[in-house]
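Source file: structure27.cif; contents: mmCIF, C-alpha atoms.
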```
data_my_file
#
loop_
_atom_site.label_atom_id
_atom_site.label_comp_id
_atom_site.auth_asym_id
_atom_site.auth_seq_id
_atom_site.Cartn_x
_atom_site.Cartn_y
_atom_site.Cartn_z
CA MET U 260 -79.83 34.24 -25.40
CA THR U 261 -77.69 31.99 -27.56
CA ALA U 262 -74.37 32.30 -29.31
CA GLU U 263 -75.59 31.10 -32.69
CA ARG U 264 -75.20 33.91 -35.21
CA ALA U 265 -75.54 33.06 -38.86
CA ALA U 266 -74.41 35.43 -41.58
CA GLY U 267 -77.68 37.26 -41.30
CA GLY U 268 -77.22 38.24 -37.65
CA GLY U 269 -78.53 37.18 -34.24
CA ASP U 270 -77.58 37.44 -30.62
CA ALA U 271 -74.14 36.51 -29.33
CA ALA U 272 -74.24 37.57 -25.72
CA ARG U 273 -73.52 34.14 -24.24
CA PRO U 274 -72.21 30.90 -25.77
CA LYS U 275 -74.27 27.78 -26.16
CA LYS U 276 -73.25 24.73 -24.18
CA ALA U 277 -71.95 21.60 -25.87
CA ALA U 278 -69.77 18.63 -25.14
CA LYS U 279 -66.87 19.52 -27.39
CA GLY U 280 -65.78 21.66 -30.28
CA LYS U 281 -63.64 21.18 -33.35
CA GLY U 282 -60.04 20.41 -32.68
CA SER U 283 -58.42 21.55 -35.90
CA SER U 284 -58.18 24.71 -37.92
CA LYS U 285 -58.82 25.26 -41.60
CA GLY U 286 -55.98 25.43 -44.01
CA SER U 287 -54.43 28.61 -45.32
CA GLY U 288 -57.11 31.10 -46.13
CA ASN U 289 -57.44 32.74 -49.49
CA GLY U 290 -60.08 35.43 -49.74
CA GLY U 291 -60.80 34.01 -53.18
CA THR U 292 -58.34 31.32 -54.27
CA GLY U 293 -55.70 28.92 -53.01
CA SER U 294 -55.79 25.78 -50.87
CA THR U 295 -52.55 25.25 -48.93
CA THR U 296 -53.20 22.81 -46.08
CA VAL U 297 -52.23 23.37 -42.47
CA GLY U 298 -50.02 20.28 -42.51
CA THR U 299 -48.03 21.59 -45.45
CA THR U 300 -47.79 25.00 -43.82
CA ILE U 301 -46.31 23.57 -40.60
CA SER U 302 -43.87 21.16 -42.24
CA ASN U 303 -42.37 23.91 -44.41
CA HIS U 304 -42.42 26.56 -41.73
CA ALA U 305 -39.34 28.13 -40.15
CA SER U 306 -41.22 28.11 -36.84
CA ALA U 307 -42.76 24.66 -37.14
CA SER U 308 -42.82 24.04 -33.39
CA LEU U 309 -44.54 27.37 -32.81
CA LEU U 310 -47.14 26.57 -35.46
CA GLN U 311 -47.88 23.32 -33.68
CA THR U 312 -48.39 25.35 -30.50
CA VAL U 313 -50.81 27.55 -32.44
CA GLN U 314 -52.75 24.46 -33.50
CA ASP U 315 -52.79 23.17 -29.93
CA SER U 316 -54.08 26.53 -28.66
CA LEU U 317 -56.82 26.63 -31.30
CA SER U 318 -57.89 23.11 -30.36
CA VAL U 319 -58.13 23.96 -26.66
CA ILE U 320 -59.99 27.22 -27.28
CA LYS U 321 -62.49 25.81 -29.77
CA ALA U 322 -63.17 22.81 -27.53
CA HIS U 323 -64.20 25.06 -24.65
CA PRO U 324 -67.97 25.70 -24.39
CA THR U 325 -67.43 29.47 -24.15
CA PHE U 326 -65.74 29.53 -27.56
CA LEU U 327 -67.67 26.80 -29.36
CA ASP U 328 -67.82 27.51 -33.12
CA ILE U 329 -66.20 30.87 -32.39
CA ASP U 330 -64.82 31.24 -35.93
CA LYS U 331 -68.34 31.02 -37.39
CA LEU U 332 -69.82 33.87 -35.34
CA ASN U 333 -70.52 37.40 -36.49
CA PRO U 334 -68.81 40.29 -34.72
CA LEU U 335 -70.84 41.99 -32.01
CA LYS U 336 -73.07 44.92 -32.83
CA ILE U 337 -72.59 48.04 -30.74
CA GLU U 338 -75.86 47.40 -28.89
CA GLU U 339 -74.55 43.91 -28.05
CA GLY U 340 -71.40 45.30 -26.47
CA GLY U 341 -69.22 45.72 -29.55
CA SER U 342 -66.88 48.69 -29.78
CA GLN U 343 -67.42 49.57 -33.46
CA THR U 344 -69.76 48.92 -36.36
CA PRO U 345 -69.43 45.26 -37.37
CA PHE U 346 -68.48 43.94 -40.80
CA LYS U 347 -71.04 44.32 -43.55
CA GLN U 348 -70.40 42.90 -47.02
CA ALA U 349 -72.21 45.75 -48.77
CA ASP U 350 -70.18 48.37 -46.90
CA CYS U 351 -66.96 46.49 -47.66
CA GLU U 352 -67.68 46.45 -51.38
CA MET U 353 -68.68 50.11 -51.39
CA VAL U 354 -65.51 51.28 -49.61
CA LEU U 355 -63.15 49.08 -51.64
CA LYS U 356 -64.75 50.26 -54.87
CA VAL U 357 -62.98 53.60 -54.43
CA GLU U 358 -59.69 53.62 -56.32
CA GLY U 359 -56.89 56.02 -55.53
CA ASP U 360 -53.14 56.38 -55.44
CA GLY U 361 -52.79 54.54 -52.12
CA VAL U 362 -54.25 51.41 -50.59
CA THR U 363 -57.96 51.64 -49.76
CA SER U 364 -59.09 49.76 -46.67
CA TYR U 365 -62.49 49.01 -45.18
CA ARG U 366 -62.42 49.32 -41.38
CA CYS U 367 -64.93 47.61 -39.15
CA GLY U 368 -65.46 45.35 -36.18
CA GLY U 369 -64.50 41.76 -36.93
CA ASN U 370 -64.17 38.34 -35.38
CA PHE U 371 -60.53 37.67 -34.46
CA PHE U 372 -60.99 33.99 -35.32
CA TRP U 373 -62.00 34.72 -38.91
CA GLN U 374 -58.31 34.81 -39.76
CA ASN U 375 -56.11 31.81 -40.41
CA THR U 376 -53.52 32.17 -37.66
CA CYS U 377 -51.31 29.57 -39.39
CA TRP U 378 -50.85 31.59 -42.58
CA PHE U 379 -47.78 33.83 -42.74
CA PRO U 380 -46.75 35.92 -45.79
CA ASN U 381 -43.34 34.24 -45.70
CA PRO U 382 -43.18 30.91 -43.78
CA LYS U 383 -39.38 31.00 -43.98
CA THR U 384 -39.19 33.98 -41.62
CA PRO U 385 -38.90 32.70 -38.03
CA VAL U 386 -41.05 34.09 -35.23
CA ASN U 387 -39.35 35.81 -32.30
CA HIS U 388 -40.89 34.10 -29.26
CA GLY U 389 -39.64 36.89 -27.00
CA GLN U 390 -41.66 39.48 -28.91
CA VAL U 391 -44.80 37.37 -28.59
CA LYS U 392 -44.26 37.00 -24.84
CA GLU U 393 -43.62 40.74 -24.53
CA LYS U 394 -47.00 41.46 -26.11
CA GLN U 395 -48.65 38.97 -23.77
CA LYS U 396 -47.72 41.25 -20.85
CA SER U 397 -50.61 43.48 -21.94
CA LEU U 398 -52.90 40.48 -22.46
CA VAL U 399 -52.97 39.02 -18.95
CA PRO U 400 -55.05 35.77 -18.86
CA ASP U 401 -57.16 36.75 -15.83
CA GLU U 402 -57.37 40.46 -16.72
CA PRO U 403 -58.47 40.82 -20.36
CA PRO U 404 -58.29 44.38 -21.74
CA CYS U 405 -61.43 46.30 -22.67
CA ARG U 406 -60.36 46.52 -26.30
CA LEU U 407 -57.57 45.38 -28.59
CA ASP U 408 -54.89 47.95 -29.40
CA PHE U 409 -54.00 46.47 -32.78
CA ALA U 410 -55.88 46.00 -36.04
CA THR U 411 -56.03 42.83 -38.10
CA VAL U 412 -55.45 43.63 -41.78
CA ILE U 413 -57.06 41.07 -44.12
CA ALA U 414 -56.33 40.54 -47.82
CA LEU U 415 -59.10 39.87 -50.34
CA ASP U 416 -58.70 38.94 -54.00
CA SER U 417 -61.37 41.45 -55.01
CA ARG U 418 -63.85 43.77 -53.34
CA ASP U 419 -66.81 41.47 -54.03
CA VAL U 420 -65.28 38.34 -52.49
CA PRO U 421 -67.84 37.08 -49.92
CA ALA U 422 -65.52 37.40 -46.94
CA MET U 423 -67.85 35.57 -44.58
CA SER U 424 -67.64 32.49 -46.77
CA HIS U 425 -63.98 32.29 -45.74
CA ARG U 426 -64.46 32.70 -42.00
CA GLY U 427 -61.59 31.00 -40.19
CA ALA U 428 -59.43 31.05 -43.32
CA LEU U 429 -58.79 34.72 -44.16
CA GLN U 430 -55.18 35.71 -44.72
CA ARG U 431 -53.76 38.32 -42.34
CA LEU U 432 -51.28 40.91 -43.62
CA SER U 433 -50.71 42.69 -40.30
CA PRO U 434 -47.88 41.62 -37.94
CA ARG U 435 -48.35 38.15 -36.47
CA GLU U 436 -46.91 38.77 -33.00
CA PRO U 437 -49.99 40.50 -31.49
CA ALA U 438 -52.30 37.88 -33.00
CA LEU U 439 -50.26 34.99 -31.59
CA ALA U 440 -50.00 36.70 -28.20
CA LEU U 441 -53.79 37.06 -28.00
CA LEU U 442 -54.31 33.44 -28.99
CA PHE U 443 -51.83 32.15 -26.40
CA SER U 444 -53.25 34.36 -23.64
CA ILE U 445 -56.76 33.01 -24.19
CA HIS U 446 -55.33 29.48 -24.11
CA GLU U 447 -53.57 30.28 -20.85
CA ALA U 448 -56.79 31.71 -19.40
CA ILE U 449 -58.55 28.41 -20.10
CA ALA U 450 -55.62 26.39 -18.75
CA LYS U 451 -55.62 28.48 -15.55
CA LYS U 452 -59.35 27.80 -15.18
CA VAL U 453 -60.28 31.45 -14.82
CA ASP U 454 -63.92 32.12 -13.96
CA ASP U 455 -66.65 32.13 -16.60
CA ASN U 456 -67.08 35.89 -16.41
CA THR U 457 -63.43 36.41 -17.38
CA LEU U 458 -63.74 34.02 -20.31
CA LEU U 459 -66.83 35.89 -21.48
CA LYS U 460 -64.77 39.08 -21.46
CA TRP U 461 -62.19 37.40 -23.71
CA ARG U 462 -65.02 36.22 -25.96
CA LYS U 463 -66.46 39.72 -26.18
CA LEU U 464 -62.99 41.06 -26.99
CA VAL U 465 -62.38 38.73 -29.94
CA LEU U 466 -65.88 39.36 -31.30
CA SER U 467 -65.19 43.09 -31.56
CA ALA U 468 -61.67 43.02 -32.96
CA PRO U 469 -60.59 45.98 -35.13
CA PHE U 470 -60.39 44.71 -38.72
CA GLU U 471 -59.27 46.27 -41.98
CA PHE U 472 -59.97 44.68 -45.36
CA GLU U 473 -57.85 45.43 -48.43
CA VAL U 474 -57.83 44.16 -51.99
CA VAL U 475 -54.46 42.47 -52.44
CA LYS U 476 -54.50 39.70 -55.00
CA GLU U 477 -53.05 36.27 -54.34
CA GLY U 478 -50.91 34.31 -56.79
CA ASN U 479 -47.97 36.72 -57.04
CA ASP U 480 -45.82 38.48 -54.47
CA ASP U 481 -48.27 41.36 -53.80
CA ARG U 482 -49.37 39.99 -50.43
CA PHE U 483 -45.78 39.45 -49.35
CA TRP U 484 -44.83 43.06 -50.08
CA ARG U 485 -48.04 44.52 -48.67
CA ALA U 486 -47.52 42.57 -45.44
CA ARG U 487 -43.96 43.87 -45.20
CA ASN U 488 -45.15 47.45 -45.73
CA VAL U 489 -47.92 47.10 -43.13
CA ARG U 490 -45.25 45.98 -40.64
CA GLN U 491 -42.99 48.88 -41.60
CA ASN U 492 -45.87 51.32 -41.13
CA CYS U 493 -46.33 50.02 -37.59
CA THR U 494 -42.60 50.38 -36.96
CA GLN U 495 -42.48 53.90 -38.38
CA ASN U 496 -45.48 55.01 -36.32
CA GLY U 497 -43.70 53.81 -33.19
CA LEU U 498 -40.57 55.76 -34.10
CA VAL U 499 -42.54 58.92 -34.83
CA VAL U 500 -44.21 59.05 -31.41
CA ARG U 501 -41.15 58.02 -29.40
CA LEU U 502 -39.88 60.80 -27.11
CA SER U 503 -36.17 61.54 -26.90
CA THR U 504 -34.39 61.77 -23.54
CA ARG U 505 -34.47 65.56 -23.83
CA GLN U 506 -38.22 65.52 -24.42
CA TRP U 507 -38.75 63.27 -21.38
CA ILE U 508 -36.86 65.77 -19.23
CA PHE U 509 -39.11 68.61 -20.36
CA ASP U 510 -42.15 66.36 -19.94
CA ALA U 511 -41.29 65.66 -16.30
CA ILE U 512 -40.52 69.34 -15.61
CA GLY U 513 -43.78 70.42 -17.22
CA PHE U 514 -45.74 67.87 -15.20
CA LYS U 515 -44.08 69.05 -11.96
CA GLU U 516 -44.90 72.69 -12.73
CA GLY U 517 -48.48 71.75 -13.52
CA GLU U 518 -48.84 69.96 -10.21
CA GLU U 519 -47.47 73.02 -8.37
CA LYS U 520 -50.36 75.08 -9.74
CA VAL U 521 -52.95 72.54 -8.57
CA VAL U 522 -51.66 71.76 -5.08
CA SER U 523 -50.16 74.14 -2.56
CA LYS U 524 -47.12 71.96 -1.98
CA SER U 525 -44.65 71.38 -4.77
CA PRO U 526 -43.92 67.65 -5.38
CA SER U 527 -40.30 66.65 -4.99
CA ALA U 528 -38.28 65.21 -7.85
CA ILE U 529 -38.44 61.81 -6.16
CA GLN U 530 -42.24 62.03 -5.95
CA VAL U 531 -42.49 62.97 -9.63
CA ALA U 532 -40.24 60.07 -10.62
CA LYS U 533 -42.38 57.69 -8.55
CA LEU U 534 -45.55 58.95 -10.23
CA TYR U 535 -44.00 58.20 -13.63
CA GLN U 536 -43.05 54.73 -12.42
CA ASP U 537 -46.51 54.01 -11.00
CA ARG U 538 -48.70 55.53 -13.71
CA MET U 539 -46.75 54.89 -16.91
CA ASP U 540 -46.98 51.71 -18.97
CA TYR U 541 -43.54 51.97 -20.53
CA ALA U 542 -42.69 50.42 -23.86
CA LYS U 543 -39.80 47.99 -23.65
CA ASN U 544 -37.36 50.30 -25.46
CA THR U 545 -38.38 53.49 -23.63
CA GLU U 546 -35.92 55.05 -21.18
CA LYS U 547 -37.76 55.38 -17.86
CA VAL U 548 -38.04 58.59 -15.89
CA THR U 549 -36.10 58.02 -12.66
CA MET U 550 -34.49 60.01 -9.88
CA GLN U 551 -30.79 59.28 -9.62
CA ARG U 552 -29.18 60.34 -6.36
#
```

What does this structure look like when you write it as structure tokens?
Amino acid sequence: MTAERAAGGGDAARPKKAAKGKGSSKGSGNGGTGSTTVGTTISNHASASLLQTVQDSLSVIKAHPTFLDIDKLNPLKIEEGGSQTPFKQADCEMVLKVEGDGVTSYRCGGNFFWQNTCWFPNPKTPVNHGQVKEKQKSLVPDEPPCRLDFATVIALDSRDVPAMSHRGALQRLSPREPALALLFSIHEAIAKKVDDNTLLKWRKLVLSAPFEFEVVKEGNDDRFWRARNVRQNCTQNGLVVRLSTRQWIFDAIGFKEGEEKVVSKSPSAIQVAKLYQDRMDYAKNTEKVTMQR
């Protein structure tokens, strides 16, 4: 089976072998209009050094045989190992045709590398390297996750823009930190010379990335404000589900009582605290359940 998948479909189970890939990325994507070059983007960027690192990572990844022409490939179908229905232009146009009070979005499986990772809604806003590194903790180079836990929100000028004609150049409205973390982790996996099976897992992951397409026109400040609101939605969702210290206390007590009904011996407070330490993947700003003596 080969990795070549034109717009009409085809298999993508394993990559084709070749001597080298392309070493540079396209300029800022548009979803319809615009032509800002990568060079201009970097020179005017508040995080110019980081953007150069992005370019370096893209060059390394695209030069590797496993990821050759990765930005030109279609997302995986479910029968090929994908985790959701892949992008279809007709479906995109049908969903985005619906007009309502809020923002309509078409959700599907996408190719992570369809986006232009060098385009930011506001290049004057610096990137927090610590936040990118924090996200990389869940994207370990030699242990790729089964699925991505974040969606890539893409802006289109209109519902009938042929999105696949802009593969590798689509503008992302969702927060950049997860995207950069994924890119850098794949680069690190290649640099560490992980085995081919692990790289194929990374490849499968990026070819079944959760995508959302929205109509947000370019040429004014609409994309800037939509990107800011997408980020605020993510922030608000995190705040809504965050447990207070009081709730954590009741959570631990409830868990302990539940365990007492299952096993004959009641677990000690120290044992409960250890279970929370061993089984929980705590967010950075979450107060951990501990046993203070």

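Taking CA of Thr384 in chain U and CA of Ser318 in chain U as the two end points, the separation is 24.4 Å.
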
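Remark: residues at most 12 Å from position (-39.4, 52.5, -23.4) in file coordinates are Gly497, Leu498, Val500, Arg501, Leu502, Ser503, Thr504, Trp507, Gln536, Met539, Asp540, Tyr541, Ala542, Lys543, Asn544, Thr545, Glu546, Lys547 and Val548 of chain U, using all atoms listed in the file.
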
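Taking all atoms listed in the file into account, Thr411 in chain U lies nearest to U:Gln430 out of the set U:Gln390, U:Ser525, U:Gln430, U:Asn496.
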
As a PyMOL selection string, please: the residues near Thr457 in chain U (cut-off 10 Å, all atoms listed in the file, same-chain neighbours under 5 positions excluded). chain U and resi 400-403+448-449+452+462-463

Any idea what's packed within 12 Å of range 529-534 of chain U, counting only C-alpha atoms, ignoring anything in its chain fewer than 4 positions away? Could you give it as number ranges by chain? U: 507-508, 510-519, 524-525, 538-540, 547-552

Give me the residues near Pro434 in chain U as an MDAnalysis selection string, where near means some atom within 9 Å (using only C-alpha atoms) and where sequence neighbours in that chain fewer than 4 positions away do not count. chainID U and resid 411:412 438 486:487 489:490 493

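Here CA of Tyr365 in chain U is placed at a distance of 5.0 Å from CA of Phe472 in chain U.
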
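For the set U:Val465, U:Ala440, U:Ala410, U:Ala528, the residue with the smallest atom-to-atom gap to Gln395 in chain U is U:Ala440, counting only C-alpha atoms.
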
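Between CA of Leu439 in chain U and CA of Leu458 in chain U lies a distance of 17.6 Å.
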